[in-house]
Structures are given as structure tokens and as C-alpha cells.
Amino acid sequence: MSTNLSNLLYLVTIVTFILALRFLSNPAHARRGNQIGAAGMLLAIVVTWIKVGTTSWWAIAIGMLIGGGFGAVAARKVKMTAMPQMVALFNGVGGGAAALISLAELHRILPEAGAPKEDISVAIVLSALIGSISFSGSMIAFAKLQELIGGRPITYPAQKLGNALLFGASVAAGAVLVAGVQDEWLLWLLIGGAALFGVLFVLPIGGADMPVVISLLNAFTGLAVAAGGFELENNVLIVAGMLVGASGTLLTLMMARAMNRSVANVIFGAFGQIQAGAGTMSGTDGTVRPTTADDVAVMLAYAHKVVVVPGYGMAVAQAQHDVRALADLLESRGVEVTYAIHPVAGRMPGHMNVLLAEANVPYPALKEMDEANNEFSRTDVSLVIGANDVVNPDARNNQGSPIYGMPILNVDKSQAVVVLKRSMNPGFAGIDNPLFVEPNTMMLFGDAKESVAKLTAAVKAL
Amino acid sequence: MSHTTLLVFELTILVLAIFLGFEVISKVPALLHTPLMSGTNAIHGIVIVGAMIVLGQPDKSAFTWIVGFVAVVLASANVVGGFVVTDRMLEMFKKKPTKPE
């Protein structure tokens with residue numbers, strides 16, 4: 001196949017990717033968009049297959065069977081609640097592949113006469129650097145979300161200095177390579193340094209900041225792939241990689257804005273440290289009012305409007321189906337039930353929407369933050385299920401709070417607030433939440449799934 | 001096409017892709033941010049094309065062979081996993097409630 005023909009066919013693939021993203025603007029046809037994108041990907045693979053010809057075709061086939069088989073099984077088997085770590089895993093392997101391609105390209109070019117062209121070596125260095133960070137960073141994100149390692153921020157002495165030195169050393173190795181020192185070991189050094197940096201840079205980031213980190217790593221892999229396109233002089237890699245790089249960057253900025261923090265602050269701030277030693281609830285006066293499922297059931301059953309505010313606790317307890325059952329029951333009694341979704345609730349952008357969609361909640365009932373905030377003043381009961389920081393009024397009122405300035409869901413404006421919570425331990429970020437002691441707040445302690453099931457039973461019994 | 005001409009051309013489409021990416025993504029509602037992440041995740045699986053080119057080189061060393069093979073494995077996990085996960089998510093978004101079976 002001629003290069004012109006294959007590039008034309010790759011252009012078709014690019015168009016399908018753009019359509020796939022364009023179709024995502026509306027949930028009604030988003031799925032078709034994804035299928036169009038998948039078809040475009042298949043086209044690119046077939047074109048490349050023909051281009052490459054008979055060389056090692058069986059090795060390519062075996063490799064694709066192993067990788068594709070693993071991907072298909074993992075993606076099919078995974079529970080919806082484990083989605084963030086799956087996305088992190090698939091993101092990481094993409095970054096790893098980009099870094100390996102750089103390594104192989106350098107190995108191929110070096111023995112050739114003369115130094116490699118600067119732009120090619122710059123691309124190789126960038127792709128290896130960003131790809132390695134994305135690979136190891138995603139693996140740590142995966143391990144954190146899978147709870148293989150603790151979700152709380154992990155810090156160590158001289159962290160910032162150490163990370164900066166490590167990153168600087170990797171970049172320096174790359175710079176020496178670009179300057180014309182033809183030694184493959186420099187790239188090994190760079191990959192090793194960048195991979196270690198990826199580990200150390202994600203380790204200190206707390207669970208609640210994961211939506212920012214995951215979308216940032218996604219952008220990284222996109223950029224590594226785009227740089228890979230420059231190495232191989234391949235347009236489809238450049239355009240597709242950069243589309244992902246741009247979209248991931250934008251999404252990262254949107255997530256950071258939703259927390260009223262800069263991306264740099266999320267990455268280097270080691271959020272959660274600030275009050276970690278301050279003990280629980282020390283700064284908050286007032287009494288917590290525990291309540292029972294029966295009392296809450298009466299409030300819910302005779303309310304006009306109930307707003308459910310889900311958080312990561314709902315995901316952990318896998319309570320989304322029970323929440324849906326409770327909402328159905330309330331709706332059958334004539335109660336209006338909607339869901340208020342904070343942009344950074346959960347561990348990845350839009351996490352709560354996916355879980356509730358899995359539980360068959362129709363998406364028009366899912367309200368974004370601004371719309372939801374307009375409704376709290378005429379809401380009878382806000383049911384906060386496993387959310388904490390995103391409903392913390394300190395973000396509005398207390399300048400000393402680490403989350404001051406973060407836009408929140410103003411559940412405290414509703415007539416009554418019921419918080420379903422495992423215990424009085426502060427959330428992931430370890431920040432006091434005065435919502436829990438406000439006069440119109442009641443606490444229903446226990447596992448979210450069990451509590452919601454009890455509420456459903458109690459409403460039924462009325 | 002000379003090497004420099006090609007580079008300039010590549011940089012042109014790179015910059016256009018940045019603006020296109022921003023433009024397309026800014027229209028995606030927050031409701032679909034997870035499928036967006038997962039969908040773009042699948043799209044950067046296009047790195048499989050690069051991995052196939054590396055592994056498909058004639059007369060390659062054992063080193064390239066191994067590195068290329070691992071790259072193909074990783075990239076195909078990215079492609080298949082990415083699209084399947086996204087499809088599973090998007091399948092669930094429904095406008096009207098359906099009776100669970």
C-alpha cells in the first residue's frame with residue numbers, strides 16, 4: 001500500500017475519532033459515536049497491517065490477541081464501581097506503549113550514519129518522558145483506587161526537592177541526547193527517572209483529588225502518542241494523540257476549577273496533610289444529631305421534593321441500585337426526586353453519573369451543580385449519601401479551611417439535611433465539616449447500602 | 001517532501017488538532033465526563049499503529065523484537081479495553097427509566 005493511500009485512509013480514521021467526540025455532546029447518540037470511533041480504529045489497524053506486510057505478522061497477531069484479550073476480559077468483567085481504576089490502567093498501558101516505541105526507534109536510528117535529526121530526537125525524548133510518567137503514574141493511581149495501597153496522601157521528607165531533582169535529571173538526560181550524544185543508555189536513564197517520578201508524583205495525591213490526576217494522566221498519554229507520531233512521521237498518531245492531549249488538558253482544568261484550585265496546587269499541594277494531625281472535628285462546635293431510618297422515612301415520604309447528593313461513599317458501598325429503588329418508591333408516592341451531582345464527586349470526572357446510569361436512573365434527573373443549587377431552597381429533604389467535602393459549608397464561610405472557595409452543593413439551604421455516613425470520621429481530605437452539626441442536619445450512621453435499604457423498608461411500612 | 005517541509009506540515013496539523021480538541025470537548029456535558037475520559041482513552045490507543053510499525057520492521061534486532069512485542073500487547077489492551085469500557089458506560093445512559101428485569 002502506498003504511503004499516500006494509507007495516509008488517506010488514516011484521515012478517515014481521524015474523522016471517525018472527531019465524530020466520536022462530537023457525538024459525546026448528547027447522551028442519546030454518544031454510544032453510536034463510540035462505535036464509529038472503534039470502526040475507525042479497526043480501519044487504522046487493518047491499514048497498518050497491510051502496510052507492514054508479512055514481516056512478523058504472526059508476532060503482531062499474537063501480541064494483539066494477548067493484549068486485546070486481556071483488555072476485553074478486564075473491561076467486561078469489571079464492576080461499574082471499579083471504573084476509575086480501569087480507566088487508569090488502560091491509560092497507563094497506552095503511555096507505556098508510547099515510551100517503548102521511543103526506545104525501539106532510538107535503537108533503530110542510532111547505528112545509522114550521522115546523528116538523528118534534532119526534531120526526531122526531541123520527539124523521542126518527549127514521548128519517552130511523558131509516556132513513562134503516564135505509565136507509572138497511572139499504575140499508582142490504579143493501585144490507590146483499587147486500594148492496593150492507601151488512598152490517603154503519602155508524603156516523605158524533602159518530597160518536592162527530591163521530585164524536582166528526579167524530574168530535572170530525566171530532562172537533562174534527554175537534553176544531552178538531543179544535543180547529539182549518541183548513547184542509548186541516556187534514554188534508559190530518562191525512562192527510569194521519569195517512571196520513578198511518575199510514582200512519586202502520584203503517591204502524595206489524596207483520593208479526593210483523583211479526578212484531576214486521572215484526567216491529567218490521560219492528557220499525558222495523548223501527548224506522548226502525539227510525540228510518537230513525530231518520531232514515526234505518522235499523521236494519525238499526531239492528530240489522535242493531540243486531540244486526547246487537548247481534551248484531557250481541558251478536562252483537567254475544568255476539574256481543578258470545580259475545586260477552586262490550580263492544577264499545580266492539586267499536584268504539589270499534598271491536600272489533606274493540612275489538618276491531618278488536627279484530630280477529628282476539633283474545630284467544630286455543636287452537637288451531632290443521630291437519627292433513625294424510621295424517622296427519616298417519614299420525612300422522605302411526606303416531602304414534596306427530595307434531592308439525593310451522592311458521593312464516593314455511595315460508590316464504595318455500591319449503593320446506587322438501592323438508591324434507585326428508594327427513589328422509585330418515593331416517586332410512586334408522588335415525591336419529586338432529583339440528584340445533585342458535584343463535578344468532582346467521586347474519583348473521576350462524572351463518576352456519579354455513570355454509577356447512577358448503571359442503576360437505571362434516567363439522566364434528565366441528574367442535575368449539574370448550578371442547576372441543583374437553584375433548587376435547594378425549595379427542597380424539603382437533601383439526602384447526602386457518602387458525600388462530604390462537596391457539601392462542606394466551610395468552603396463558603398471559613399477562610400481558614402483548606403477547601404475555602406471551592407464551589408459546593410448548598411444542601412444546607414434546604415429545609416432538612418440527612419447525611420448518610422459510616423461514622424464521624426472526616427472524609428478523605430480529613431477536613432472538618434460543620435454541616436454535620438447544623439440545626440437542620442441529622443446523621444444516619446451506617447453503611448450507605450444498608451442504610452438506604454433500611455430507609456426503603458421503612459417507607460414501604462408506612 | 002523534504003524533512004523540514006514535512007515537519008512544518010506536521011506542526012500545522014498538531015496545532016489545528018489542539019484547537020479542534022478544545023472545541024469538540026467544550027461541548028460535552030458534565031454528565032458524560034466519565035465516558036469522555038474513557039473514550040479519549042480508547043482513542044489514544046491509536047498508539048497501536050506505532051507499535052505495529054515497530055514490530056513489523058524487517059531485519060530487526062532481538063531487542064526491537066521484544067520491545068515492539070510488549071508495545072503491541074500494551075497498546076492492544078488500551079484499544080480494546082478502552083472502547084469496551086466506554087461502550088458499557090454509554091449503554092447505560094437512558095432518557096426514560098426502563099424496567100429492570
# chains A, B, ... in the order shown; residues from 1 in each chain; ligands from 1
>>> residues_around(residues="Thr34 in chain B", least_positions_apart="2", cutoff="10 Å", atoms="only C-alpha atoms", output="PyMOL selection string")
(chain A and resi 83-84+87+211+215+348-354) or (chain B and resi 30-32+36-40+86+89-90)
>>> write_last_selection(atoms="N, CA and C atoms", output="PDB file, in the first residue's frame")
ATOM      1  N   MET A  83     -14.708   1.388  37.838  1.00  0.00           N
ATOM      2  CA  MET A  83     -14.407   2.032  36.563  1.00  0.00           C
ATOM      3  C   MET A  83     -13.188   2.974  36.618  1.00  0.00           C
ATOM      4  N   PRO A  84     -13.056   3.805  37.661  1.00  0.00           N
ATOM      5  CA  PRO A  84     -11.912   4.730  37.638  1.00  0.00           C
ATOM      6  C   PRO A  84     -10.572   4.015  37.527  1.00  0.00           C
ATOM      7  N   VAL A  87     -10.014   2.731  33.939  1.00  0.00           N
ATOM      8  CA  VAL A  87      -9.610   3.795  33.023  1.00  0.00           C
ATOM      9  C   VAL A  87      -8.135   4.137  33.259  1.00  0.00           C
ATOM     10  N   PRO A 211      -9.911  12.838  40.511  1.00  0.00           N
ATOM     11  CA  PRO A 211     -10.456  13.242  39.201  1.00  0.00           C
ATOM     12  C   PRO A 211      -9.473  14.119  38.424  1.00  0.00           C
ATOM     13  N   SER A 215      -7.505  12.703  34.855  1.00  0.00           N
ATOM     14  CA  SER A 215      -7.644  13.349  33.559  1.00  0.00           C
ATOM     15  C   SER A 215      -6.310  13.948  33.104  1.00  0.00           C
ATOM     16  N   MET A 348     -13.400  10.149  39.661  1.00  0.00           N
ATOM     17  CA  MET A 348     -13.051  10.579  38.312  1.00  0.00           C
ATOM     18  C   MET A 348     -14.142  11.526  37.823  1.00  0.00           C
ATOM     19  N   PRO A 349     -13.839  12.323  36.815  1.00  0.00           N
ATOM     20  CA  PRO A 349     -14.845  13.264  36.335  1.00  0.00           C
ATOM     21  C   PRO A 349     -16.123  12.527  35.939  1.00  0.00           C
ATOM     22  N   GLY A 350     -17.261  12.981  36.434  1.00  0.00           N
ATOM     23  CA  GLY A 350     -18.521  12.366  36.043  1.00  0.00           C
ATOM     24  C   GLY A 350     -18.786  11.000  36.650  1.00  0.00           C
ATOM     25  N   HIS A 351     -18.037  10.633  37.668  1.00  0.00           N
ATOM     26  CA  HIS A 351     -18.132   9.301  38.280  1.00  0.00           C
ATOM     27  C   HIS A 351     -19.556   8.950  38.709  1.00  0.00           C
ATOM     28  N   MET A 352     -20.217   9.896  39.410  1.00  0.00           N
ATOM     29  CA  MET A 352     -21.546   9.624  39.948  1.00  0.00           C
ATOM     30  C   MET A 352     -22.577   9.396  38.844  1.00  0.00           C
ATOM     31  N   ASN A 353     -22.417  10.146  37.749  1.00  0.00           N
ATOM     32  CA  ASN A 353     -23.363   9.989  36.638  1.00  0.00           C
ATOM     33  C   ASN A 353     -23.346   8.571  36.099  1.00  0.00           C
ATOM     34  N   VAL A 354     -22.153   8.003  35.993  1.00  0.00           N
ATOM     35  CA  VAL A 354     -22.051   6.657  35.442  1.00  0.00           C
ATOM     36  C   VAL A 354     -22.692   5.647  36.393  1.00  0.00           C
TER      37      VAL A 354
ATOM     38  N   ALA B  30     -21.185  17.733  31.524  1.00  0.00           N
ATOM     39  CA  ALA B  30     -20.542  17.105  32.681  1.00  0.00           C
ATOM     40  C   ALA B  30     -21.082  15.699  32.910  1.00  0.00           C
ATOM     41  N   LEU B  31     -22.351  15.496  32.539  1.00  0.00           N
ATOM     42  CA  LEU B  31     -22.976  14.179  32.651  1.00  0.00           C
ATOM     43  C   LEU B  31     -22.124  13.095  32.013  1.00  0.00           C
ATOM     44  N   LEU B  32     -21.469  13.446  30.888  1.00  0.00           N
ATOM     45  CA  LEU B  32     -20.738  12.435  30.126  1.00  0.00           C
ATOM     46  C   LEU B  32     -19.224  12.568  30.299  1.00  0.00           C
ATOM     47  N   LEU B  36     -16.348  10.439  28.386  1.00  0.00           N
ATOM     48  CA  LEU B  36     -15.410  11.254  27.606  1.00  0.00           C
ATOM     49  C   LEU B  36     -13.967  10.840  27.901  1.00  0.00           C
ATOM     50  N   MET B  37     -13.664  10.698  29.190  1.00  0.00           N
ATOM     51  CA  MET B  37     -12.306  10.291  29.569  1.00  0.00           C
ATOM     52  C   MET B  37     -11.983   8.927  29.010  1.00  0.00           C
ATOM     53  N   SER B  38     -12.962   8.048  29.186  1.00  0.00           N
ATOM     54  CA  SER B  38     -12.743   6.684  28.749  1.00  0.00           C
ATOM     55  C   SER B  38     -12.668   6.599  27.226  1.00  0.00           C
ATOM     56  N   GLY B  39     -13.487   7.429  26.545  1.00  0.00           N
ATOM     57  CA  GLY B  39     -13.487   7.435  25.086  1.00  0.00           C
ATOM     58  C   GLY B  39     -12.179   7.993  24.531  1.00  0.00           C
ATOM     59  N   THR B  40     -11.687   9.082  25.119  1.00  0.00           N
ATOM     60  CA  THR B  40     -10.408   9.627  24.657  1.00  0.00           C
ATOM     61  C   THR B  40      -9.286   8.650  24.999  1.00  0.00           C
ATOM     62  N   THR B  86     -15.951   2.039  27.441  1.00  0.00           N
ATOM     63  CA  THR B  86     -16.766   3.193  27.048  1.00  0.00           C
ATOM     64  C   THR B  86     -18.138   2.749  26.565  1.00  0.00           C
ATOM     65  N   MET B  89     -20.352   1.836  29.436  1.00  0.00           N
ATOM     66  CA  MET B  89     -20.872   3.011  30.147  1.00  0.00           C
ATOM     67  C   MET B  89     -22.003   3.659  29.373  1.00  0.00           C
ATOM     68  N   LEU B  90     -21.763   3.891  28.077  1.00  0.00           N
ATOM     69  CA  LEU B  90     -22.731   4.667  27.308  1.00  0.00           C
ATOM     70  C   LEU B  90     -24.033   3.909  27.119  1.00  0.00           C
TER      71      LEU B  90
END
>>> closest_residue(among="B:Phe9, B:Phe93, B:Phe19, B:Phe83", to="Phe17 in chain A", atoms="only C-alpha atoms")
B:Phe83
>>> residues_around(residues="range 302-316 of chain A", least_positions_apart="3", cutoff="8 Å", atoms="only C-alpha atoms", output="VMD selection string")
chain A and resid 81 298 to 299 319 to 320 334 to 341 345 to 347 352 355 376 378 to 388 421 448 to 449
>>> write_last_selection(atoms="N, CA and C atoms", output="short mmCIF file (atom, residue, chain, number, x, y, z; two decimals), in the first residue's frame")
data_model
loop_
_atom_site.label_atom_id
_atom_site.label_comp_id
_atom_site.auth_asym_id
_atom_site.auth_seq_id
_atom_site.Cartn_x
_atom_site.Cartn_y
_atom_site.Cartn_z
N THR A 81 -18.42 0.19 39.69
CA THR A 81 -17.79 0.95 40.77
C THR A 81 -16.27 0.97 40.63
N VAL A 298 -40.23 8.83 57.37
CA VAL A 298 -41.42 9.68 57.47
C VAL A 298 -41.16 11.01 56.76
N MET A 299 -39.97 11.61 57.04
CA MET A 299 -39.65 12.87 56.39
C MET A 299 -39.66 12.74 54.87
N ALA A 319 -24.08 1.39 46.55
CA ALA A 319 -25.45 1.59 46.99
C ALA A 319 -26.34 2.14 45.88
N GLN A 320 -25.79 2.32 44.65
CA GLN A 320 -26.57 3.04 43.64
C GLN A 320 -27.89 2.37 43.29
N GLY A 334 -45.52 10.10 44.94
CA GLY A 334 -45.71 11.47 44.49
C GLY A 334 -44.62 12.44 44.90
N VAL A 335 -43.51 11.94 45.44
CA VAL A 335 -42.41 12.81 45.82
C VAL A 335 -41.53 13.05 44.59
N GLU A 336 -41.12 14.30 44.40
CA GLU A 336 -40.20 14.59 43.29
C GLU A 336 -38.77 14.30 43.76
N VAL A 337 -38.08 13.41 43.04
CA VAL A 337 -36.71 13.06 43.44
C VAL A 337 -35.75 13.45 42.32
N THR A 338 -34.74 14.27 42.64
CA THR A 338 -33.68 14.53 41.67
C THR A 338 -32.34 14.26 42.34
N TYR A 339 -31.29 14.31 41.53
CA TYR A 339 -29.95 14.02 42.03
C TYR A 339 -29.08 15.23 41.75
N ALA A 340 -28.33 15.66 42.74
CA ALA A 340 -27.43 16.80 42.56
C ALA A 340 -26.01 16.27 42.46
N ILE A 341 -25.37 16.53 41.32
CA ILE A 341 -24.06 15.94 41.06
C ILE A 341 -22.99 17.02 41.07
N ALA A 345 -17.37 15.00 42.59
CA ALA A 345 -17.82 13.92 43.47
C ALA A 345 -17.28 12.61 42.92
N GLY A 346 -16.71 11.79 43.80
CA GLY A 346 -16.17 10.51 43.34
C GLY A 346 -14.70 10.61 42.99
N ARG A 347 -14.23 9.67 42.20
CA ARG A 347 -12.80 9.57 41.93
C ARG A 347 -12.43 9.82 40.49
N MET A 352 -20.22 9.90 39.41
CA MET A 352 -21.55 9.62 39.95
C MET A 352 -22.58 9.40 38.84
N LEU A 355 -22.41 5.80 37.69
CA LEU A 355 -22.97 4.84 38.65
C LEU A 355 -24.49 4.90 38.65
N PHE A 376 -32.18 24.01 45.87
CA PHE A 376 -32.14 23.59 47.28
C PHE A 376 -33.09 24.39 48.16
N ARG A 378 -36.01 25.28 47.66
CA ARG A 378 -37.36 24.71 47.68
C ARG A 378 -37.34 23.18 47.81
N THR A 379 -36.26 22.71 48.43
CA THR A 379 -36.14 21.27 48.66
C THR A 379 -36.49 20.95 50.11
N ASP A 380 -37.30 19.94 50.33
CA ASP A 380 -37.67 19.58 51.69
C ASP A 380 -36.56 18.79 52.37
N VAL A 381 -36.07 17.76 51.70
CA VAL A 381 -35.02 16.95 52.31
C VAL A 381 -33.88 16.75 51.31
N SER A 382 -32.66 17.06 51.74
CA SER A 382 -31.48 16.69 50.95
C SER A 382 -30.89 15.43 51.58
N LEU A 383 -30.75 14.42 50.79
CA LEU A 383 -30.24 13.14 51.29
C LEU A 383 -28.79 13.01 50.81
N VAL A 384 -27.85 13.24 51.71
CA VAL A 384 -26.44 13.21 51.35
C VAL A 384 -25.92 11.80 51.58
N ILE A 385 -25.55 11.13 50.49
CA ILE A 385 -25.15 9.73 50.61
C ILE A 385 -23.66 9.60 50.34
N GLY A 386 -22.87 9.54 51.38
CA GLY A 386 -21.44 9.31 51.22
C GLY A 386 -20.69 10.46 50.58
N ALA A 387 -21.27 11.67 50.62
CA ALA A 387 -20.53 12.84 50.14
C ALA A 387 -20.12 13.64 51.36
N ASN A 388 -19.01 14.35 51.27
CA ASN A 388 -18.54 15.10 52.42
C ASN A 388 -18.02 16.48 52.00
N LYS A 421 -23.74 8.37 56.63
CA LYS A 421 -22.29 8.36 56.78
C LYS A 421 -21.93 7.17 57.64
N ALA A 448 -23.71 2.84 53.69
CA ALA A 448 -24.68 3.53 52.85
C ALA A 448 -25.70 2.56 52.25
N LYS A 449 -25.23 1.43 51.81
CA LYS A 449 -26.12 0.46 51.16
C LYS A 449 -27.17 -0.04 52.15
#
>>> residues_around(residues="range 399-413 of chain A", least_positions_apart="2", cutoff="7 Å", atoms="only C-alpha atoms", output="ChimeraX atom specification")
/A:258-260,342,369,373,376-377,382,390-392,394-397,415,417,435
>>> residues_around(residues="range 49-52 of chain B", least_positions_apart="2", cutoff="6 Å", atoms="only C-alpha atoms", output="VMD selection string")
chain B and resid 46 to 47 54 to 56 68 71 to 72
>>> residues_around(residues="Ser127 in chain A", least_positions_apart="6", cutoff="9 Å", atoms="only C-alpha atoms", output="PyMOL selection string")
chain A and resi 95+98-99+101-102+221+223-228+231
>>> write_last_selection(atoms="C-alpha atoms", output="PDB file, in the first residue's frame")
ATOM      1  CA  GLY A  95       1.594   5.569  27.853  1.00  0.00           C
ATOM      2  CA  ALA A  98       4.434   5.119  23.602  1.00  0.00           C
ATOM      3  CA  ALA A  99       7.586   5.033  25.760  1.00  0.00           C
ATOM      4  CA  ILE A 101       8.131   2.834  20.805  1.00  0.00           C
ATOM      5  CA  SER A 102      10.598   5.647  21.544  1.00  0.00           C
ATOM      6  CA  THR A 221      -0.681   9.711  27.303  1.00  0.00           C
ATOM      7  CA  LEU A 223       0.750  13.962  24.297  1.00  0.00           C
ATOM      8  CA  ALA A 224       3.153  11.004  24.395  1.00  0.00           C
ATOM      9  CA  VAL A 225       1.278   9.435  21.483  1.00  0.00           C
ATOM     10  CA  ALA A 226       1.348  12.703  19.529  1.00  0.00           C
ATOM     11  CA  ALA A 227       5.127  12.918  20.069  1.00  0.00           C
ATOM     12  CA  GLY A 228       5.313   9.302  18.888  1.00  0.00           C
ATOM     13  CA  GLU A 231       9.034  10.035  15.579  1.00  0.00           C
TER      14      GLU A 231
END
>>> closest_residue(among="B:Gly45, B:Val8, B:Ala17, B:Phe22", to="Leu74 in chain B", atoms="only C-alpha atoms")
B:Gly45
>>> closest_residue(among="B:Ser2, B:Thr12, B:Asn78, B:Ser26", to="chain A", atoms="only C-alpha atoms")
B:Asn78
>>> select_by_dssp(residues="range 283-454 of chain A", states="strand (DSSP E)", output="ChimeraX atom specification")
/A:305-310,336-341,366-368,381-385,416-421,441-445
>>> closest_residue(among="A:Pro362, A:Gly446, A:Pro393, A:Gly241", to="Gly21 in chain B", atoms="only C-alpha atoms")
A:Gly241
>>> residues_around(residues="range 139-152 of chain A", least_positions_apart="2", cutoff="9 Å", atoms="only C-alpha atoms", output="PyMOL selection string")
chain A and resi 82+84-89+92-93+134-137+154+198-200+202-208+210+213-214+272+347+428-429
>>> decode(residues="range 1-29 of chain B", atoms="N, CA and C atoms", output="compact mmCIF listing (two decimals), in the first residue's frame")
# COMPACT_ATOMS: atom_id res chain seq x y z
N MET B 1 8.90 15.29 -0.46
CA MET B 1 8.84 16.35 0.55
C MET B 1 10.10 16.31 1.40
N SER B 2 10.73 17.45 1.57
CA SER B 2 11.94 17.46 2.39
C SER B 2 11.56 17.26 3.85
N HIS B 3 12.56 16.94 4.63
CA HIS B 3 12.28 16.65 6.04
C HIS B 3 11.70 17.87 6.75
N THR B 4 12.26 19.06 6.45
CA THR B 4 11.77 20.27 7.13
C THR B 4 10.34 20.58 6.71
N THR B 5 10.06 20.45 5.41
CA THR B 5 8.69 20.70 4.94
C THR B 5 7.71 19.80 5.67
N LEU B 6 8.11 18.55 5.82
CA LEU B 6 7.24 17.59 6.49
C LEU B 6 7.01 18.01 7.94
N LEU B 7 8.09 18.44 8.58
CA LEU B 7 7.99 18.84 9.98
C LEU B 7 7.02 20.01 10.13
N VAL B 8 7.16 21.00 9.25
CA VAL B 8 6.26 22.17 9.32
C VAL B 8 4.82 21.74 9.11
N PHE B 9 4.63 20.84 8.17
CA PHE B 9 3.29 20.33 7.91
C PHE B 9 2.73 19.62 9.15
N GLU B 10 3.58 18.80 9.77
CA GLU B 10 3.15 18.07 10.97
C GLU B 10 2.80 19.02 12.11
N LEU B 11 3.63 20.06 12.28
CA LEU B 11 3.35 21.04 13.33
C LEU B 11 2.02 21.75 13.06
N THR B 12 1.75 22.01 11.77
CA THR B 12 0.48 22.66 11.42
C THR B 12 -0.70 21.82 11.88
N ILE B 13 -0.68 20.55 11.53
CA ILE B 13 -1.84 19.75 11.91
C ILE B 13 -1.88 19.54 13.43
N LEU B 14 -0.72 19.55 14.07
CA LEU B 14 -0.69 19.42 15.53
C LEU B 14 -1.45 20.58 16.18
N VAL B 15 -1.12 21.78 15.72
CA VAL B 15 -1.76 22.97 16.31
C VAL B 15 -3.25 22.98 16.01
N LEU B 16 -3.61 22.61 14.78
CA LEU B 16 -5.04 22.56 14.45
C LEU B 16 -5.75 21.53 15.34
N ALA B 17 -5.06 20.42 15.60
CA ALA B 17 -5.68 19.38 16.44
C ALA B 17 -5.91 19.89 17.87
N ILE B 18 -5.01 20.74 18.36
CA ILE B 18 -5.21 21.29 19.71
C ILE B 18 -6.52 22.08 19.76
N PHE B 19 -6.69 22.97 18.77
CA PHE B 19 -7.91 23.80 18.80
C PHE B 19 -9.14 22.94 18.58
N LEU B 20 -9.02 21.99 17.68
CA LEU B 20 -10.16 21.10 17.43
C LEU B 20 -10.53 20.34 18.71
N GLY B 21 -9.52 19.86 19.42
CA GLY B 21 -9.77 19.12 20.66
C GLY B 21 -10.50 19.98 21.67
N PHE B 22 -10.03 21.19 21.87
CA PHE B 22 -10.70 22.10 22.82
C PHE B 22 -12.14 22.34 22.39
N GLU B 23 -12.30 22.58 21.09
CA GLU B 23 -13.62 22.94 20.56
C GLU B 23 -14.61 21.80 20.76
N VAL B 24 -14.20 20.60 20.39
CA VAL B 24 -15.12 19.46 20.45
C VAL B 24 -15.46 19.13 21.91
N ILE B 25 -14.45 19.18 22.78
CA ILE B 25 -14.67 18.75 24.16
C ILE B 25 -15.50 19.73 24.95
N SER B 26 -15.39 21.03 24.60
CA SER B 26 -16.13 22.00 25.40
C SER B 26 -17.63 21.83 25.22
N LYS B 27 -18.06 21.04 24.25
CA LYS B 27 -19.49 20.81 24.05
C LYS B 27 -19.99 19.57 24.79
N VAL B 28 -19.08 18.86 25.47
CA VAL B 28 -19.50 17.63 26.16
C VAL B 28 -20.04 17.99 27.55
N PRO B 29 -21.28 17.59 27.87
CA PRO B 29 -21.84 17.93 29.18
C PRO B 29 -21.15 17.17 30.31
